[in-house]
file run_17.cif (mmCIF, C-alpha atoms)
data_structure
loop_
_atom_site.label_atom_id
_atom_site.label_comp_id
_atom_site.auth_asym_id
_atom_site.auth_seq_id
_atom_site.Cartn_x
_atom_site.Cartn_y
_atom_site.Cartn_z
CA MET A 1 -59.68 11.80 -63.76
CA LYS A 2 -56.57 13.23 -62.06
CA ILE A 3 -55.87 9.80 -60.58
CA ILE A 4 -56.20 8.16 -64.01
CA LYS A 5 -53.89 10.69 -65.66
CA SER A 6 -51.34 10.10 -62.92
CA ILE A 7 -51.50 6.34 -63.50
CA ILE A 8 -50.83 6.81 -67.21
CA LEU A 9 -47.94 9.22 -66.63
CA ILE A 10 -46.31 6.95 -64.05
CA ALA A 11 -46.64 3.83 -66.20
CA LEU A 12 -45.41 5.50 -69.38
CA GLY A 13 -42.59 7.13 -67.43
CA LEU A 14 -41.45 3.73 -66.25
CA LEU A 15 -41.57 2.44 -69.81
CA ALA A 16 -39.35 5.29 -70.94
CA HIS A 17 -36.51 4.12 -68.69
CA GLU A 18 -35.51 1.26 -70.93
CA THR A 19 -31.94 1.53 -69.69
CA TYR A 20 -33.06 -0.30 -66.59
CA ALA A 21 -34.92 -3.06 -68.41
CA GLN A 22 -33.72 -6.52 -67.54
CA THR A 23 -32.75 -8.70 -70.49
CA THR A 24 -33.17 -12.43 -69.99
CA ALA A 25 -30.70 -14.68 -71.76
CA VAL A 26 -32.38 -17.45 -73.74
CA ASP A 27 -31.24 -20.36 -75.87
CA SER A 28 -31.37 -19.02 -79.44
CA THR A 29 -31.54 -22.56 -80.86
CA LYS A 30 -34.99 -23.17 -79.36
CA THR A 31 -38.07 -22.17 -81.31
CA TRP A 32 -40.41 -22.64 -78.33
CA ILE A 33 -39.74 -21.36 -74.81
CA ILE A 34 -42.27 -22.44 -72.19
CA LYS A 35 -42.18 -21.10 -68.65
CA GLY A 36 -44.65 -20.90 -65.83
CA GLU A 37 -45.22 -19.68 -62.31
CA ASN A 38 -47.64 -21.17 -59.77
CA THR A 39 -48.29 -19.08 -56.66
CA PHE A 40 -50.38 -19.80 -53.59
CA LEU A 41 -50.77 -16.88 -51.17
CA ILE A 42 -52.37 -16.97 -47.73
CA ASN A 43 -53.44 -14.37 -45.18
CA GLN A 44 -54.75 -15.16 -41.70
CA SER A 45 -55.72 -13.24 -38.58
CA SER A 46 -57.14 -14.63 -35.34
CA PHE A 47 -58.29 -13.02 -32.09
CA SER A 48 -59.15 -14.51 -28.71
CA ASN A 49 -60.13 -12.36 -25.73
CA TRP A 50 -58.56 -9.41 -27.53
CA ALA A 51 -59.63 -6.24 -25.70
CA ALA A 52 -59.47 -4.01 -28.79
CA GLY A 53 -61.63 -6.41 -30.78
CA GLY A 54 -61.11 -7.97 -34.18
CA VAL A 55 -62.55 -10.33 -36.75
CA ASN A 56 -61.08 -13.78 -37.42
CA SER A 57 -60.33 -14.10 -41.11
CA PHE A 58 -58.52 -16.30 -43.60
CA SER A 59 -57.87 -15.93 -47.30
CA GLY A 60 -56.16 -18.02 -49.95
CA ASN A 61 -55.26 -17.09 -53.52
CA LEU A 62 -54.01 -19.35 -56.29
CA THR A 63 -52.45 -17.89 -59.46
CA LEU A 64 -51.28 -19.86 -62.50
CA ASN A 65 -49.22 -17.78 -64.93
CA TYR A 66 -47.84 -19.52 -68.04
CA ASP A 67 -45.97 -18.26 -71.11
CA PHE A 68 -45.68 -20.10 -74.43
CA ASN A 69 -43.37 -18.16 -76.73
CA TYR A 70 -42.22 -19.02 -80.26
CA LYS A 71 -39.29 -17.42 -82.10
CA LYS A 72 -37.84 -18.36 -85.47
CA GLY A 73 -36.12 -15.97 -87.82
CA LYS A 74 -38.09 -12.73 -87.98
CA TRP A 75 -41.28 -14.37 -86.72
CA SER A 76 -42.35 -14.45 -83.07
CA TRP A 77 -45.52 -15.57 -81.31
CA ASP A 78 -45.94 -14.76 -77.62
CA ASN A 79 -48.78 -16.33 -75.64
CA LYS A 80 -49.75 -15.90 -71.99
CA VAL A 81 -52.37 -17.75 -69.94
CA LEU A 82 -53.28 -16.32 -66.54
CA ALA A 83 -55.77 -17.99 -64.21
CA ALA A 84 -56.35 -16.65 -60.71
CA TYR A 85 -58.91 -17.41 -58.02
CA GLY A 86 -59.08 -16.50 -54.37
CA LEU A 87 -61.43 -16.86 -51.41
CA THR A 88 -61.63 -15.03 -48.10
CA PHE A 89 -63.44 -16.22 -44.99
CA GLN A 90 -64.79 -14.22 -42.06
CA LYS A 91 -66.92 -15.74 -39.33
CA GLU A 92 -69.67 -13.17 -39.83
CA SER A 93 -69.81 -13.41 -43.64
CA ASP A 94 -68.68 -16.93 -44.57
CA TRP A 95 -66.67 -17.54 -47.76
CA ARG A 96 -66.47 -14.88 -50.50
CA LYS A 97 -64.21 -14.59 -53.52
CA ASN A 98 -61.54 -11.87 -53.56
CA ASP A 99 -59.94 -12.66 -56.92
CA ASP A 100 -61.31 -14.26 -60.08
CA ARG A 101 -59.57 -13.87 -63.44
CA LEU A 102 -59.09 -15.81 -66.67
CA VAL A 103 -56.87 -14.00 -69.18
CA LEU A 104 -55.52 -15.15 -72.55
CA ASN A 105 -53.08 -12.91 -74.48
CA SER A 106 -51.53 -13.67 -77.86
CA LEU A 107 -49.23 -11.53 -80.01
CA LEU A 108 -47.99 -12.61 -83.45
CA GLY A 109 -45.09 -10.49 -84.68
CA HIS A 110 -42.80 -10.07 -87.68
CA GLN A 111 -39.61 -8.08 -87.16
CA ALA A 112 -39.55 -4.80 -89.08
CA TYR A 113 -36.42 -3.15 -87.69
CA GLN A 114 -34.33 -4.09 -84.64
CA TYR A 115 -36.80 -3.81 -81.73
CA TRP A 116 -39.86 -2.96 -83.87
CA LEU A 117 -42.41 -5.48 -85.15
CA TYR A 118 -45.53 -5.65 -87.27
CA THR A 119 -48.08 -7.43 -85.12
CA PHE A 120 -51.50 -8.97 -84.78
CA PHE A 121 -52.82 -9.26 -81.23
CA LEU A 122 -55.66 -11.11 -79.51
CA ASN A 123 -56.81 -10.62 -75.90
CA PHE A 124 -59.57 -12.41 -74.01
CA ASN A 125 -60.58 -12.07 -70.38
CA THR A 126 -63.46 -13.10 -68.15
CA GLN A 127 -63.98 -14.73 -64.73
CA PHE A 128 -64.76 -18.25 -63.50
CA ALA A 129 -67.44 -17.94 -60.83
CA ASP A 130 -70.46 -15.88 -59.86
CA GLY A 131 -69.80 -12.58 -58.13
CA TYR A 132 -72.22 -10.84 -55.77
CA ASP A 133 -72.92 -7.43 -54.35
CA TYR A 134 -73.14 -8.18 -50.63
CA THR A 135 -74.19 -4.63 -49.71
CA ALA A 136 -77.61 -5.38 -51.22
CA SER A 137 -80.13 -7.35 -49.18
CA PRO A 138 -80.54 -10.07 -50.28
CA LYS A 139 -77.21 -10.37 -52.06
CA LYS A 140 -77.34 -9.58 -55.77
CA ARG A 141 -75.47 -11.41 -58.54
CA ILE A 142 -73.32 -8.95 -60.53
CA SER A 143 -71.08 -11.23 -62.61
CA ARG A 144 -70.64 -14.82 -63.73
CA PHE A 145 -68.69 -16.86 -66.29
CA LEU A 146 -68.74 -14.96 -69.62
CA ALA A 147 -70.73 -12.16 -68.01
CA PRO A 148 -68.88 -10.06 -68.78
CA ALA A 149 -66.21 -11.32 -71.21
CA TYR A 150 -64.03 -9.20 -73.48
CA LEU A 151 -62.44 -10.28 -76.78
CA SER A 152 -60.14 -7.88 -78.64
CA PHE A 153 -57.99 -8.35 -81.75
CA GLY A 154 -56.41 -6.36 -84.54
CA PRO A 155 -53.25 -5.48 -86.50
CA GLY A 156 -50.66 -3.02 -85.24
CA PHE A 157 -47.01 -2.55 -84.41
CA ALA A 158 -44.94 -3.23 -81.31
CA TYR A 159 -41.71 -2.22 -79.61
CA LYS A 160 -40.00 -5.07 -77.75
CA ARG A 161 -36.72 -4.28 -76.06
CA SER A 162 -36.85 -7.45 -73.97
CA ASP A 163 -39.35 -9.70 -72.24
CA ASN A 164 -39.43 -7.05 -69.50
CA LEU A 165 -40.05 -4.00 -71.68
CA ARG A 166 -42.54 -3.95 -74.53
CA PHE A 167 -45.66 -2.26 -75.87
CA ASN A 168 -48.12 -2.87 -78.69
CA LEU A 169 -50.33 -0.32 -80.44
CA SER A 170 -53.25 -1.31 -82.67
CA PRO A 171 -55.03 1.65 -84.31
CA ALA A 172 -57.70 -0.64 -85.81
CA ALA A 173 -58.80 -3.00 -83.05
CA VAL A 174 -62.15 -4.79 -82.81
CA ARG A 175 -63.54 -5.49 -79.36
CA PHE A 176 -66.54 -7.64 -78.46
CA VAL A 177 -68.19 -7.38 -75.05
CA PHE A 178 -70.17 -10.51 -74.13
CA VAL A 179 -72.71 -10.86 -71.32
CA SER A 180 -74.13 -14.40 -71.22
CA ASP A 181 -76.74 -13.46 -68.58
CA THR A 182 -79.16 -10.91 -70.03
CA LEU A 183 -80.13 -9.80 -66.51
CA LEU A 184 -76.68 -8.20 -66.36
CA SER A 185 -76.70 -6.64 -69.84
CA THR A 186 -77.25 -3.01 -68.81
CA ARG A 187 -74.66 -3.27 -66.03
CA TYR A 188 -71.92 -3.67 -68.64
CA GLY A 189 -73.15 -1.12 -71.17
CA LEU A 190 -75.27 -3.38 -73.38
CA ASN A 191 -78.84 -2.76 -74.44
CA PRO A 192 -81.50 -4.55 -72.34
CA ASN A 193 -81.66 -8.30 -73.05
CA SER A 194 -78.64 -8.05 -75.36
CA LYS A 195 -75.78 -10.53 -75.08
CA SER A 196 -73.03 -8.72 -77.00
CA ARG A 197 -71.76 -5.36 -78.17
CA THR A 198 -69.25 -4.67 -80.96
CA GLU A 199 -66.71 -1.86 -80.70
CA PHE A 200 -64.04 -0.58 -83.08
CA GLY A 201 -61.17 1.58 -81.93
CA ALA A 202 -57.54 1.83 -80.84
CA SER A 203 -55.83 -0.50 -78.37
CA PHE A 204 -52.58 0.04 -76.46
CA ASP A 205 -50.88 -2.58 -74.26
CA ALA A 206 -47.65 -1.99 -72.35
CA TYR A 207 -45.55 -4.10 -69.99
CA TYR A 208 -42.57 -3.08 -67.86
CA LYS A 209 -40.79 -5.01 -65.12
CA VAL A 210 -37.74 -3.80 -63.21
CA ASN A 211 -35.61 -5.19 -60.39
CA LEU A 212 -35.66 -2.55 -57.66
CA MET A 213 -33.02 -4.38 -55.66
CA GLU A 214 -31.89 -7.95 -55.08
CA ASN A 215 -34.93 -10.28 -54.85
CA ILE A 216 -37.42 -7.40 -55.22
CA SER A 217 -39.08 -6.65 -58.56
CA PHE A 218 -41.84 -4.28 -59.66
CA GLU A 219 -44.20 -5.13 -62.54
CA ASN A 220 -46.46 -2.73 -64.48
CA ILE A 221 -49.22 -3.75 -66.91
CA LEU A 222 -51.19 -1.05 -68.73
CA LYS A 223 -54.09 -1.53 -71.16
CA LEU A 224 -55.93 1.31 -72.91
CA TYR A 225 -58.84 1.21 -75.34
CA SER A 226 -60.68 3.98 -77.18
CA ASN A 227 -63.93 3.15 -78.97
CA TYR A 228 -64.18 5.24 -82.16
CA LEU A 229 -67.91 4.48 -82.43
CA ASP A 230 -68.98 5.87 -79.04
CA LYS A 231 -67.28 8.66 -77.06
CA PRO A 232 -63.69 7.98 -78.20
CA GLN A 233 -62.43 10.56 -75.68
CA ASN A 234 -63.54 8.27 -72.82
CA VAL A 235 -60.58 5.90 -72.81
CA ASP A 236 -60.98 2.59 -70.96
CA ILE A 237 -58.04 2.07 -68.61
CA ASP A 238 -56.80 -1.11 -66.92
CA TYR A 239 -53.60 -0.69 -64.89
CA THR A 240 -52.01 -3.35 -62.67
CA ALA A 241 -48.95 -2.94 -60.44
CA ASN A 242 -47.37 -5.95 -58.72
CA LEU A 243 -44.53 -6.01 -56.22
CA PHE A 244 -42.70 -9.34 -55.83
CA MET A 245 -40.39 -9.95 -52.85
CA LYS A 246 -38.47 -13.23 -52.92
CA VAL A 247 -37.58 -14.74 -49.53
CA ASN A 248 -35.98 -17.91 -50.93
CA LYS A 249 -36.44 -20.30 -53.84
CA PHE A 250 -40.04 -21.07 -52.94
CA ILE A 251 -41.30 -18.44 -50.46
CA THR A 252 -42.46 -15.03 -51.73
CA VAL A 253 -44.33 -12.00 -50.48
CA ASN A 254 -46.53 -10.39 -53.16
CA ALA A 255 -48.53 -7.18 -53.19
CA GLY A 256 -50.70 -6.03 -56.07
CA VAL A 257 -53.22 -3.39 -57.02
CA GLN A 258 -55.44 -3.23 -60.10
CA MET A 259 -57.33 -0.10 -61.15
CA ILE A 260 -59.98 -0.05 -63.89
CA TYR A 261 -61.85 2.87 -65.40
CA ASP A 262 -64.63 1.96 -67.85
CA ASP A 263 -67.55 4.34 -68.25
CA ASN A 264 -69.67 1.55 -69.77
CA THR A 265 -69.71 -0.37 -66.50
CA ALA A 266 -72.46 0.73 -64.13
CA ILE A 267 -71.44 0.82 -60.46
CA PRO A 268 -74.45 0.61 -58.08
CA ILE A 269 -74.89 3.27 -55.40
CA ILE A 270 -76.06 1.53 -52.20
CA LYS A 271 -77.61 3.28 -49.21
CA ASP A 272 -79.04 1.35 -46.26
CA ASN A 273 -78.78 -1.91 -48.24
CA VAL A 274 -80.89 -0.47 -51.05
CA GLU A 275 -79.68 0.40 -54.56
CA VAL A 276 -80.62 4.04 -55.09
CA GLY A 277 -78.85 4.60 -58.41
CA LYS A 278 -75.86 3.88 -60.60
CA ARG A 279 -72.77 5.75 -61.73
CA ASN A 280 -70.51 5.07 -64.69
CA SER A 281 -67.44 7.13 -63.84
CA ALA A 282 -66.19 5.32 -60.71
CA LEU A 283 -62.63 4.05 -60.45
CA GLN A 284 -62.60 0.32 -59.67
CA ILE A 285 -59.79 -0.80 -57.34
CA ARG A 286 -58.68 -4.30 -56.32
CA GLN A 287 -55.81 -4.96 -53.87
CA ILE A 288 -54.16 -8.18 -52.73
CA VAL A 289 -51.26 -8.69 -50.29
CA GLY A 290 -50.01 -12.06 -49.11
CA ALA A 291 -47.14 -14.41 -48.40
CA GLY A 292 -46.95 -17.90 -49.82
CA VAL A 293 -45.34 -20.50 -52.01
CA THR A 294 -44.23 -19.91 -55.60
CA TYR A 295 -43.02 -22.62 -57.97
CA LYS A 296 -41.41 -21.61 -61.26
CA PHE A 297 -40.32 -23.72 -64.22
#
call {"tool": "encode", "arguments": {"input": "run_17.cif", "output": "structure tokens"}}
result
Amino acid sequence: MKIIKSIILIALGLLAHETYAQTTAVDSTKTWIIKGENTFLINQSSFSNWAAGGVNSFSGNLTLNYDFNYKKGKWSWDNKVLAAYGLTFQKESDWRKNDDRLVLNSLLGHQAYQYWLYTFFLNFNTQFADGYDYTASPKKRISRFLAPAYLSFGPGFAYKRSDNLRFNLSPAAVRFVFVSDTLLSTRYGLNPNSKSRTEFGASFDAYYKVNLMENISFENILKLYSNYLDKPQNVDIDYTANLFMKVNKFITVNAGVQMIYDDNTAIPIIKDNVEVGKRNSALQIRQIVGAGVTYKF
């Protein structure tokens, strides 16, 4: 829990420094602003007669990140679509996925006072393809499309200083957890053979992006959820940090880490390729580093 508390303090501390937030100039006559970013990252290592040893490997990651934002008078409607998929190959293990995300975010807002808005939010996220636990023998499926999937929505209020500094708090948020494959129900906190669970609680979403220096930016995304109906003190945490380093108009070097804490998700304990138990308090960590091509519009 010390790690989780540190994540929250760091992220909220960054949000507090709004003086450093970058404000993007936009055409005020437009009601819709559409922008996107397509990124393809690659990593490769190869060894031949290398005395110290090594494993030949290759990985590729494709990320599509689009924003569709509406603004007219006191009304605003911000929408984001994020789709990411990646594969890694090693001679000994063949192809395996290393990234798989489908995220839809929508925030409808009405200006209350300067940077403050009354809002209604909607979030949805799942993955595209089957995921496996390769430590088990034979490999064991642990996720697939809509297993799990999360849908959250509710009214609230937001603070939006700029596109690079904002947060939204909903004290009355509904969240549905879907698991289309009943064999995976208990893994994601559902009752056996159940396909959905309904939660009601508080949701907090924050975003902060800062330019550390020329052509280097640091992005923070924090999501918190407390379920009033079941152990509200056990807050679900999803924190992502991305570092973007621009080489030129098209070439970038990106590094990212995502950390999730959800005590409803059962993490298998594997010993000697055999599942000997499960734990629900493990911190999930995903890291990606790569260089590649980015196209923005």
call {"tool": "atom_distance", "arguments": {"input": "run_17.cif", "atom1": "CA of Glu37 (chain A)", "atom2": "CA of Val103 (chain A)"}}
result
14.7 Å
call {"tool": "residues_around", "arguments": {"input": "run_17.cif", "residues": "Tyr134 (chain A)", "least_positions_apart": "6", "cutoff": "10 Å", "atoms": "only C-alpha atoms", "output": "PDB file with C-alpha atoms, in the frame of the given file"}}
result
ATOM      1  CA  SER A  93     -69.810 -13.410 -43.640  1.00  0.00           C
ATOM      2  CA  ARG A  96     -66.470 -14.880 -50.500  1.00  0.00           C
ATOM      3  CA  LYS A 140     -77.340  -9.580 -55.770  1.00  0.00           C
ATOM      4  CA  ARG A 141     -75.470 -11.410 -58.540  1.00  0.00           C
ATOM      5  CA  ILE A 142     -73.320  -8.950 -60.530  1.00  0.00           C
ATOM      6  CA  ASN A 273     -78.780  -1.910 -48.240  1.00  0.00           C
TER       7      ASN A 273
END
call {"tool": "closest_atom_pairs", "arguments": {"input": "run_17.cif", "of": "region 226-277 of chain A", "to": "region 184-205 of chain A", "cutoff": "9 Å", "atoms": "all atoms listed in the file", "output": "Markdown table"}}
result
| residue | atom | partner | partner_atom | distance |
| --- | --- | --- | --- | --- |
| A:Ser226 | CA | A:Ala202 | CA | 5.3 |
| A:Asn227 | CA | A:Gly201 | CA | 4.3 |
| A:Tyr228 | CA | A:Gly201 | CA | 4.7 |
| A:Leu229 | CA | A:Phe200 | CA | 6.4 |
| A:Asp230 | CA | A:Glu199 | CA | 8.2 |
| A:Pro232 | CA | A:Gly201 | CA | 7.8 |
| A:Asp263 | CA | A:Gly189 | CA | 8.3 |
| A:Asn264 | CA | A:Gly189 | CA | 4.6 |
| A:Thr265 | CA | A:Tyr188 | CA | 4.5 |
| A:Ala266 | CA | A:Arg187 | CA | 4.9 |
| A:Ile267 | CA | A:Arg187 | CA | 7.6 |
| A:Pro268 | CA | A:Arg187 | CA | 8.8 |
call {"tool": "resolve_selection", "arguments": {"input": "run_17.cif", "expression": "the PyMOL selection byres ((chain A and resi 217-221) around 10)", "output": "PyMOL selection string"}}
result
chain A and resi 10-12+14-15+164-165+167+205-216+222-223+238-246+254-256+258
call {"tool": "resolve_selection", "arguments": {"input": "run_17.cif", "expression": "the PyMOL selection byres ((chain A and resi 59-61) around 8)", "output": "ChimeraX atom specification"}}
result
/A:39-44,57-58,62-63,84-89,99
call {"tool": "closest_residue", "arguments": {"input": "run_17.cif", "among": "A:Ala158, A:Leu107, A:Ala282, A:Leu151", "to": "Phe176 (chain A)", "atoms": "all atoms listed in the file"}}
result
A:Leu151
call {"tool": "resolve_selection", "arguments": {"input": "run_17.cif", "expression": "the PyMOL selection byres ((chain A and resi 122-129) around 10)", "output": "JSON, numbers by chain"}}
result
{"A": [79, 80, 81, 82, 83, 84, 85, 97, 99, 100, 101, 102, 103, 104, 105, 106, 107, 108, 120, 121, 130, 131, 132, 143, 144, 145, 146, 147, 148, 149, 150, 151, 152, 153, 154, 155, 173, 174, 175, 176, 178]}
call {"tool": "atom_distance", "arguments": {"input": "run_17.cif", "atom1": "CA of Ser162 (chain A)", "atom2": "CA of Tyr66 (chain A)"}}
result
17.4 Å
call {"tool": "atom_distance", "arguments": {"input": "run_17.cif", "atom1": "CA of Leu169 (chain A)", "atom2": "CA of Leu224 (chain A)"}}
result
9.5 Å
call {"tool": "closest_residue", "arguments": {"input": "run_17.cif", "among": "A:Gln114, A:Ser46, A:Thr135, A:Thr119", "to": "Ser76 (chain A)", "atoms": "only C-alpha atoms"}}
result
A:Thr119
call {"tool": "residues_around", "arguments": {"input": "run_17.cif", "residues": "Ile237 (chain A)", "least_positions_apart": "6", "cutoff": "9 Å", "atoms": "all atoms listed in the file", "output": "VMD selection string"}}
result
chain A and resid 4 8 222 to 225 259 to 262
call {"tool": "residues_near_point", "arguments": {"input": "run_17.cif", "point": "(-38.8, -16.2, -66.4)", "cutoff": "8 Å", "atoms": "all atoms listed in the file", "output": "list in words"}}
result
Thr24, Lys35, Gly36, Lys296 and Phe297 of chain A
